[in-house]
>>> print(open('structure-v4.pdb').read())   # PDB, C-alpha atoms
ATOM      1  CA  MET A 112      -5.127  -3.126  20.568  1.00  0.00           C
ATOM      2  CA  ILE A 113      -5.520  -0.274  23.049  1.00  0.00           C
ATOM      3  CA  ALA A 114      -5.760  -0.266  26.819  1.00  0.00           C
ATOM      4  CA  VAL A 115      -6.238   2.791  29.000  1.00  0.00           C
ATOM      5  CA  THR A 116      -5.016   2.953  32.587  1.00  0.00           C
ATOM      6  CA  GLU A 117      -4.488   6.078  34.676  1.00  0.00           C
ATOM      7  CA  GLY A 118      -3.664   8.496  31.855  1.00  0.00           C
ATOM      8  CA  THR A 119      -1.668   5.961  29.844  1.00  0.00           C
ATOM      9  CA  LEU A 120      -2.650   4.536  26.491  1.00  0.00           C
ATOM     10  CA  LYS A 121      -0.939   1.212  25.944  1.00  0.00           C
ATOM     11  CA  LEU A 122      -0.961   0.247  22.290  1.00  0.00           C
ATOM     12  CA  ALA A 123      -0.578  -3.360  21.187  1.00  0.00           C
ATOM     13  CA  GLY A 124      -0.431  -5.305  17.956  1.00  0.00           C
ATOM     14  CA  ARG A 125      -0.074  -3.828  14.501  1.00  0.00           C
ATOM     15  CA  LEU A 126      -0.311  -0.091  13.803  1.00  0.00           C
ATOM     16  CA  THR A 127      -1.151  -0.042  10.108  1.00  0.00           C
ATOM     17  CA  MET A 128      -3.517   1.668   7.718  1.00  0.00           C
ATOM     18  CA  LEU A 129      -6.148  -0.880   8.739  1.00  0.00           C
ATOM     19  CA  THR A 130      -5.920  -0.282  12.496  1.00  0.00           C
ATOM     20  CA  VAL A 131      -4.764   3.312  12.900  1.00  0.00           C
ATOM     21  CA  PRO A 132      -8.048   5.152  12.147  1.00  0.00           C
ATOM     22  CA  ASP A 133      -9.803   3.693  15.194  1.00  0.00           C
ATOM     23  CA  LEU A 134      -6.730   4.135  17.390  1.00  0.00           C
ATOM     24  CA  TYR A 135      -6.343   7.721  16.237  1.00  0.00           C
ATOM     25  CA  ALA A 136      -9.936   8.528  17.182  1.00  0.00           C
ATOM     26  CA  ALA A 137      -9.541   6.871  20.589  1.00  0.00           C
ATOM     27  CA  GLY A 138      -6.389   8.864  21.295  1.00  0.00           C
ATOM     28  CA  LEU A 139      -8.118  12.117  20.371  1.00  0.00           C
ATOM     29  CA  GLN A 140     -10.938  11.355  22.792  1.00  0.00           C
ATOM     30  CA  HIS A 141      -8.447  10.930  25.622  1.00  0.00           C
ATOM     31  CA  LEU A 142      -6.589  14.113  24.680  1.00  0.00           C
ATOM     32  CA  ASN A 143      -9.880  15.989  24.967  1.00  0.00           C
ATOM     33  CA  HIS A 144      -9.920  15.220  28.685  1.00  0.00           C
ATOM     34  CA  ASP A 145      -6.348  14.996  29.929  1.00  0.00           C
ATOM     35  CA  ASN A 146      -2.649  14.854  29.249  1.00  0.00           C
ATOM     36  CA  LEU A 147      -1.573  11.589  27.723  1.00  0.00           C
ATOM     37  CA  LEU A 148       1.266   9.097  27.927  1.00  0.00           C
ATOM     38  CA  VAL A 149       1.371   6.587  25.068  1.00  0.00           C
ATOM     39  CA  ASP A 150       3.265   3.325  25.542  1.00  0.00           C
ATOM     40  CA  PHE A 151       4.332   1.464  22.398  1.00  0.00           C
ATOM     41  CA  SER A 152       6.038  -1.448  24.200  1.00  0.00           C
ATOM     42  CA  ALA A 153       3.503  -4.037  22.976  1.00  0.00           C
ATOM     43  CA  VAL A 154       3.416  -2.879  19.335  1.00  0.00           C
ATOM     44  CA  ASP A 155       4.428  -5.610  16.880  1.00  0.00           C
ATOM     45  CA  ALA A 156       4.541  -3.760  13.550  1.00  0.00           C
ATOM     46  CA  VAL A 157       4.060  -0.279  12.124  1.00  0.00           C
ATOM     47  CA  ASP A 158       3.685   1.407   8.784  1.00  0.00           C
ATOM     48  CA  SER A 159       3.568   5.065   7.780  1.00  0.00           C
ATOM     49  CA  ALA A 160       0.058   5.392   9.223  1.00  0.00           C
ATOM     50  CA  ALA A 161       1.543   5.099  12.730  1.00  0.00           C
ATOM     51  CA  VAL A 162       3.814   8.079  12.042  1.00  0.00           C
ATOM     52  CA  SER A 163       0.843  10.046  10.767  1.00  0.00           C
ATOM     53  CA  MET A 164      -1.175   9.101  13.857  1.00  0.00           C
ATOM     54  CA  LEU A 165       1.529  10.385  16.197  1.00  0.00           C
ATOM     55  CA  LEU A 166       1.873  13.639  14.284  1.00  0.00           C
ATOM     56  CA  GLY A 167      -1.905  14.126  14.409  1.00  0.00           C
ATOM     57  CA  TRP A 168      -2.014  13.458  18.141  1.00  0.00           C
ATOM     58  CA  SER A 169       0.850  15.899  18.625  1.00  0.00           C
ATOM     59  CA  ARG A 170      -0.990  18.650  16.714  1.00  0.00           C
ATOM     60  CA  ALA A 171      -4.176  17.990  18.683  1.00  0.00           C
ATOM     61  CA  ALA A 172      -2.325  18.072  22.004  1.00  0.00           C
ATOM     62  CA  LYS A 173      -0.721  21.416  21.159  1.00  0.00           C
ATOM     63  CA  ALA A 174      -4.023  22.887  20.004  1.00  0.00           C
ATOM     64  CA  GLN A 175      -5.666  21.864  23.286  1.00  0.00           C
ATOM     65  CA  GLN A 176      -2.643  22.784  25.399  1.00  0.00           C
ATOM     66  CA  ARG A 177      -2.258  19.186  26.548  1.00  0.00           C
ATOM     67  CA  SER A 178       0.890  17.219  27.165  1.00  0.00           C
ATOM     68  CA  LEU A 179       1.605  14.206  24.975  1.00  0.00           C
ATOM     69  CA  GLN A 180       4.485  11.904  25.838  1.00  0.00           C
ATOM     70  CA  VAL A 181       5.461   8.663  24.157  1.00  0.00           C
ATOM     71  CA  VAL A 182       7.611   5.821  25.437  1.00  0.00           C
ATOM     72  CA  ASN A 183       9.061   2.684  23.908  1.00  0.00           C
ATOM     73  CA  LEU A 184       8.789   3.842  20.311  1.00  0.00           C
ATOM     74  CA  PRO A 185       9.614   0.947  17.964  1.00  0.00           C
ATOM     75  CA  ASP A 186      12.781   1.233  15.914  1.00  0.00           C
ATOM     76  CA  ASP A 187      10.705   0.715  12.755  1.00  0.00           C
ATOM     77  CA  LEU A 188       8.586   3.745  13.563  1.00  0.00           C
ATOM     78  CA  MET A 189      11.643   5.886  14.199  1.00  0.00           C
ATOM     79  CA  SER A 190      13.211   4.660  10.934  1.00  0.00           C
ATOM     80  CA  LEU A 191      10.105   5.709   9.011  1.00  0.00           C
ATOM     81  CA  ALA A 192       9.996   9.086  10.760  1.00  0.00           C
ATOM     82  CA  ASN A 193      13.658   9.655   9.891  1.00  0.00           C
ATOM     83  CA  LEU A 194      13.059   8.585   6.290  1.00  0.00           C
ATOM     84  CA  TYR A 195      10.221  11.126   5.963  1.00  0.00           C
ATOM     85  CA  GLY A 196      12.204  13.831   7.761  1.00  0.00           C
ATOM     86  CA  VAL A 197       9.686  14.225  10.591  1.00  0.00           C
ATOM     87  CA  ALA A 198      11.443  12.506  13.502  1.00  0.00           C
ATOM     88  CA  GLN A 199      12.072  15.835  15.224  1.00  0.00           C
ATOM     89  CA  MET A 200       8.342  16.569  15.097  1.00  0.00           C
ATOM     90  CA  LEU A 201       7.342  13.460  17.052  1.00  0.00           C
ATOM     91  CA  PRO A 202       6.495  13.892  20.728  1.00  0.00           C
ATOM     92  CA  GLN A 203       9.235  12.797  23.092  1.00  0.00           C
TER      93      GLN A 203
END
>>> encode(input="structure-v4.pdb", output="structure tokens")
Amino acid sequence: MIAVTEGTLKLAGRLTMLTVPDLYAAGLQHLNHDNLLVDFSAVDAVDSAAVSMLLGWSRAAKAQQRSLQVVNLPDDLMSLANLYGVAQMLPQ
């Protein structure tokens, strides 16, 4: 579900209420040490927990003066973020 290589977190599978808590904690651990690039290219499905996870990582990165970048965001995730009115708050 998560692979780490050279400052990149590659997420895979489903990002749902069942899987996000562990992924969130893993992402925070990496933000404690370095800037982070998160790749969503292997993500199959998302729910609102994935949006919450990204917002939490973004807050943590800002608080620690770290850079957080995301690539290959799924359309479903962006649709949810737009629905909740938080798309502009997601890291780019």
>>> closest_residue(input="structure-v4.pdb", among="A:Val162, A:Val149, A:Ala156, A:Leu122", to="A:Gly196", atoms="all atoms listed in the file")
A:Val162
>>> closest_residue(input="structure-v4.pdb", among="A:Met189, A:Met112, A:Ala174, A:Leu179", to="A:Pro202", atoms="all atoms listed in the file")
A:Leu179
>>> closest_residue(input="structure-v4.pdb", among="A:Ala172, A:Val182, A:Asp187, A:Ala192", to="A:Asp145", atoms="all atoms listed in the file")
A:Ala172
>>> resolve_selection(input="structure-v4.pdb", expression="the PyMOL selection byres ((chain A and resi 163-169) around 7)", output="short mmCIF file (atom, residue, chain, number, x, y, z; two decimals) with C-alpha atoms, in the coordinates of the input")
data_model
loop_
_atom_site.label_atom_id
_atom_site.label_comp_id
_atom_site.auth_asym_id
_atom_site.auth_seq_id
_atom_site.Cartn_x
_atom_site.Cartn_y
_atom_site.Cartn_z
CA VAL A 131 -4.76 3.31 12.90
CA TYR A 135 -6.34 7.72 16.24
CA LEU A 139 -8.12 12.12 20.37
CA SER A 159 3.57 5.07 7.78
CA ALA A 160 0.06 5.39 9.22
CA ALA A 161 1.54 5.10 12.73
CA VAL A 162 3.81 8.08 12.04
CA ARG A 170 -0.99 18.65 16.71
CA ALA A 171 -4.18 17.99 18.68
CA ALA A 172 -2.33 18.07 22.00
CA LYS A 173 -0.72 21.42 21.16
CA LEU A 179 1.60 14.21 24.98
CA LEU A 201 7.34 13.46 17.05
CA PRO A 202 6.50 13.89 20.73
#
>>> resolve_selection(input="structure-v4.pdb", expression="the PyMOL selection byres ((chain A and resi 113) around 9)", output="list in words")
Met112, Ala114, Val115, Leu120, Lys121, Leu122, Ala123, Gly124, Leu134 and Ala137 of chain A
>>> write_last_selection(input="structure-v4.pdb", atoms="C-alpha atoms", output="short mmCIF file (atom, residue, chain, number, x, y, z; two decimals), in the frame of the given file")
data_model
loop_
_atom_site.label_atom_id
_atom_site.label_comp_id
_atom_site.auth_asym_id
_atom_site.auth_seq_id
_atom_site.Cartn_x
_atom_site.Cartn_y
_atom_site.Cartn_z
CA MET A 112 -5.13 -3.13 20.57
CA ALA A 114 -5.76 -0.27 26.82
CA VAL A 115 -6.24 2.79 29.00
CA LEU A 120 -2.65 4.54 26.49
CA LYS A 121 -0.94 1.21 25.94
CA LEU A 122 -0.96 0.25 22.29
CA ALA A 123 -0.58 -3.36 21.19
CA GLY A 124 -0.43 -5.30 17.96
CA LEU A 134 -6.73 4.14 17.39
CA ALA A 137 -9.54 6.87 20.59
#
>>> atom_distance(input="structure-v4.pdb", atom1="atom CA of A:Gly138", atom2="atom CA of A:Gln175")
13.2 Å
>>> residues_near_point(input="structure-v4.pdb", point="(-5.2, 8.9, 33.0)", cutoff="10 Å", atoms="all atoms listed in the file", output="list in words")
Val115, Thr116, Glu117, Gly118, Thr119, Leu120, His141, Leu142, His144, Asp145, Asn146, Leu147 and Leu148 of chain A
>>> closest_residue(input="structure-v4.pdb", among="A:Arg125, A:Asp150, A:Gln203, A:Ala136", to="A:Ser178", atoms="only C-alpha atoms")
A:Gln203
>>> atom_distance(input="structure-v4.pdb", atom1="atom CA of A:Leu126", atom2="atom CA of A:Gln180")
17.7 Å
>>> atom_distance(input="structure-v4.pdb", atom1="atom CA of A:Leu129", atom2="atom CA of A:Val157")
10.8 Å
>>> closest_residue(input="structure-v4.pdb", among="A:Asn143, A:Val154, A:Asp133, A:Met128", to="A:Gln176", atoms="all atoms listed in the file")
A:Asn143
>>> closest_residue(input="structure-v4.pdb", among="A:Gln140, A:Met200, A:Phe151, A:Pro132", to="A:Pro185", atoms="only C-alpha atoms")
A:Phe151
>>> axis_aligned_box(input="structure-v4.pdb", around="stretch 144-151 of chain A", padding_each_side="6 Å", output="AutoDock Vina command-line options")
--center_x -2.8 --center_y 8.3 --center_z 26.2 --size_x 26.3 --size_y 25.8 --size_z 19.5
>>> decode(input="structure-v4.pdb", residues="stretch 116-198 of chain A", atoms="C-alpha atoms", output="PDB file, in the first residue's frame")
ATOM      1  CA  THR A 116      12.063   5.456  -2.475  1.00  0.00           C
ATOM      2  CA  GLU A 117      14.373   8.469  -2.423  1.00  0.00           C
ATOM      3  CA  GLY A 118      11.971  10.979  -0.869  1.00  0.00           C
ATOM      4  CA  THR A 119       8.917   9.678  -2.722  1.00  0.00           C
ATOM      5  CA  LEU A 120       5.955   7.946  -1.153  1.00  0.00           C
ATOM      6  CA  LYS A 121       4.184   5.819  -3.726  1.00  0.00           C
ATOM      7  CA  LEU A 122       0.683   4.945  -2.604  1.00  0.00           C
ATOM      8  CA  ALA A 123      -1.158   1.941  -4.003  1.00  0.00           C
ATOM      9  CA  GLY A 124      -4.526   0.284  -3.614  1.00  0.00           C
ATOM     10  CA  ARG A 125      -7.514   1.742  -1.827  1.00  0.00           C
ATOM     11  CA  LEU A 126      -7.339   4.923   0.261  1.00  0.00           C
ATOM     12  CA  THR A 127     -10.380   4.557   2.492  1.00  0.00           C
ATOM     13  CA  MET A 128     -11.352   4.940   6.118  1.00  0.00           C
ATOM     14  CA  LEU A 129      -9.946   1.455   6.705  1.00  0.00           C
ATOM     15  CA  THR A 130      -6.498   2.104   5.216  1.00  0.00           C
ATOM     16  CA  VAL A 131      -5.862   5.820   5.668  1.00  0.00           C
ATOM     17  CA  PRO A 132      -4.981   5.892   9.403  1.00  0.00           C
ATOM     18  CA  ASP A 133      -1.846   3.789   8.915  1.00  0.00           C
ATOM     19  CA  LEU A 134      -0.896   5.636   5.729  1.00  0.00           C
ATOM     20  CA  TYR A 135      -1.394   8.976   7.442  1.00  0.00           C
ATOM     21  CA  ALA A 136       0.945   7.996  10.274  1.00  0.00           C
ATOM     22  CA  ALA A 137       3.578   6.734   7.827  1.00  0.00           C
ATOM     23  CA  GLY A 138       3.443   9.981   5.865  1.00  0.00           C
ATOM     24  CA  LEU A 139       3.869  12.031   9.035  1.00  0.00           C
ATOM     25  CA  GLN A 140       6.962  10.037   9.959  1.00  0.00           C
ATOM     26  CA  HIS A 141       8.536  10.848   6.603  1.00  0.00           C
ATOM     27  CA  LEU A 142       7.610  14.527   6.875  1.00  0.00           C
ATOM     28  CA  ASN A 143       9.446  14.631  10.199  1.00  0.00           C
ATOM     29  CA  HIS A 144      12.693  13.947   8.354  1.00  0.00           C
ATOM     30  CA  ASP A 145      12.465  15.438   4.879  1.00  0.00           C
ATOM     31  CA  ASN A 146      10.456  17.056   2.137  1.00  0.00           C
ATOM     32  CA  LEU A 147       8.041  14.678   0.505  1.00  0.00           C
ATOM     33  CA  LEU A 148       6.699  13.820  -2.926  1.00  0.00           C
ATOM     34  CA  VAL A 149       3.576  11.646  -2.901  1.00  0.00           C
ATOM     35  CA  ASP A 150       2.679   9.664  -6.018  1.00  0.00           C
ATOM     36  CA  PHE A 151      -0.934   8.514  -6.366  1.00  0.00           C
ATOM     37  CA  SER A 152      -0.486   6.757  -9.735  1.00  0.00           C
ATOM     38  CA  ALA A 153      -1.166   3.276  -8.309  1.00  0.00           C
ATOM     39  CA  VAL A 154      -4.221   4.242  -6.226  1.00  0.00           C
ATOM     40  CA  ASP A 155      -7.354   2.302  -7.190  1.00  0.00           C
ATOM     41  CA  ALA A 156     -10.067   3.974  -5.100  1.00  0.00           C
ATOM     42  CA  VAL A 157     -10.513   6.812  -2.624  1.00  0.00           C
ATOM     43  CA  ASP A 158     -13.086   8.110  -0.208  1.00  0.00           C
ATOM     44  CA  SER A 159     -13.249  11.276   1.877  1.00  0.00           C
ATOM     45  CA  ALA A 160     -10.581   9.915   4.229  1.00  0.00           C
ATOM     46  CA  ALA A 161      -7.995  10.369   1.454  1.00  0.00           C
ATOM     47  CA  VAL A 162      -8.882  14.066   1.203  1.00  0.00           C
ATOM     48  CA  SER A 163      -8.566  14.395   4.960  1.00  0.00           C
ATOM     49  CA  MET A 164      -5.196  12.621   4.885  1.00  0.00           C
ATOM     50  CA  LEU A 165      -3.816  15.037   2.297  1.00  0.00           C
ATOM     51  CA  LEU A 166      -5.053  18.062   4.217  1.00  0.00           C
ATOM     52  CA  GLY A 167      -3.454  16.710   7.401  1.00  0.00           C
ATOM     53  CA  TRP A 168      -0.148  16.084   5.649  1.00  0.00           C
ATOM     54  CA  SER A 169      -0.292  19.588   4.203  1.00  0.00           C
ATOM     55  CA  ARG A 170      -0.820  21.140   7.655  1.00  0.00           C
ATOM     56  CA  ALA A 171       2.017  19.063   9.105  1.00  0.00           C
ATOM     57  CA  ALA A 172       4.370  20.019   6.275  1.00  0.00           C
ATOM     58  CA  LYS A 173       3.657  23.722   6.780  1.00  0.00           C
ATOM     59  CA  ALA A 174       4.108  23.457  10.539  1.00  0.00           C
ATOM     60  CA  GLN A 175       7.500  21.792  10.050  1.00  0.00           C
ATOM     61  CA  GLN A 176       8.485  24.037   7.145  1.00  0.00           C
ATOM     62  CA  ARG A 177       8.693  21.050   4.811  1.00  0.00           C
ATOM     63  CA  SER A 178       7.714  20.802   1.185  1.00  0.00           C
ATOM     64  CA  LEU A 179       4.877  18.474   0.228  1.00  0.00           C
ATOM     65  CA  GLN A 180       4.156  17.806  -3.428  1.00  0.00           C
ATOM     66  CA  VAL A 181       1.641  15.402  -4.906  1.00  0.00           C
ATOM     67  CA  VAL A 182       1.464  13.914  -8.383  1.00  0.00           C
ATOM     68  CA  ASN A 183      -1.067  11.826 -10.258  1.00  0.00           C
ATOM     69  CA  LEU A 184      -4.014  12.706  -8.045  1.00  0.00           C
ATOM     70  CA  PRO A 185      -7.012  10.533  -8.976  1.00  0.00           C
ATOM     71  CA  ASP A 186      -9.987  12.272 -10.537  1.00  0.00           C
ATOM     72  CA  ASP A 187     -12.195  10.824  -7.782  1.00  0.00           C
ATOM     73  CA  LEU A 188     -10.094  12.501  -5.118  1.00  0.00           C
ATOM     74  CA  MET A 189     -10.228  15.832  -6.911  1.00  0.00           C
ATOM     75  CA  SER A 190     -14.012  15.478  -7.335  1.00  0.00           C
ATOM     76  CA  LEU A 191     -14.414  14.931  -3.596  1.00  0.00           C
ATOM     77  CA  ALA A 192     -12.131  17.865  -2.784  1.00  0.00           C
ATOM     78  CA  ASN A 193     -14.160  20.090  -5.111  1.00  0.00           C
ATOM     79  CA  LEU A 194     -17.420  18.851  -3.593  1.00  0.00           C
ATOM     80  CA  TYR A 195     -16.181  19.752  -0.090  1.00  0.00           C
ATOM     81  CA  GLY A 196     -14.754  23.079  -1.264  1.00  0.00           C
ATOM     82  CA  VAL A 197     -11.177  22.249  -0.254  1.00  0.00           C
ATOM     83  CA  ALA A 198      -9.509  21.572  -3.612  1.00  0.00           C
TER      84      ALA A 198
END
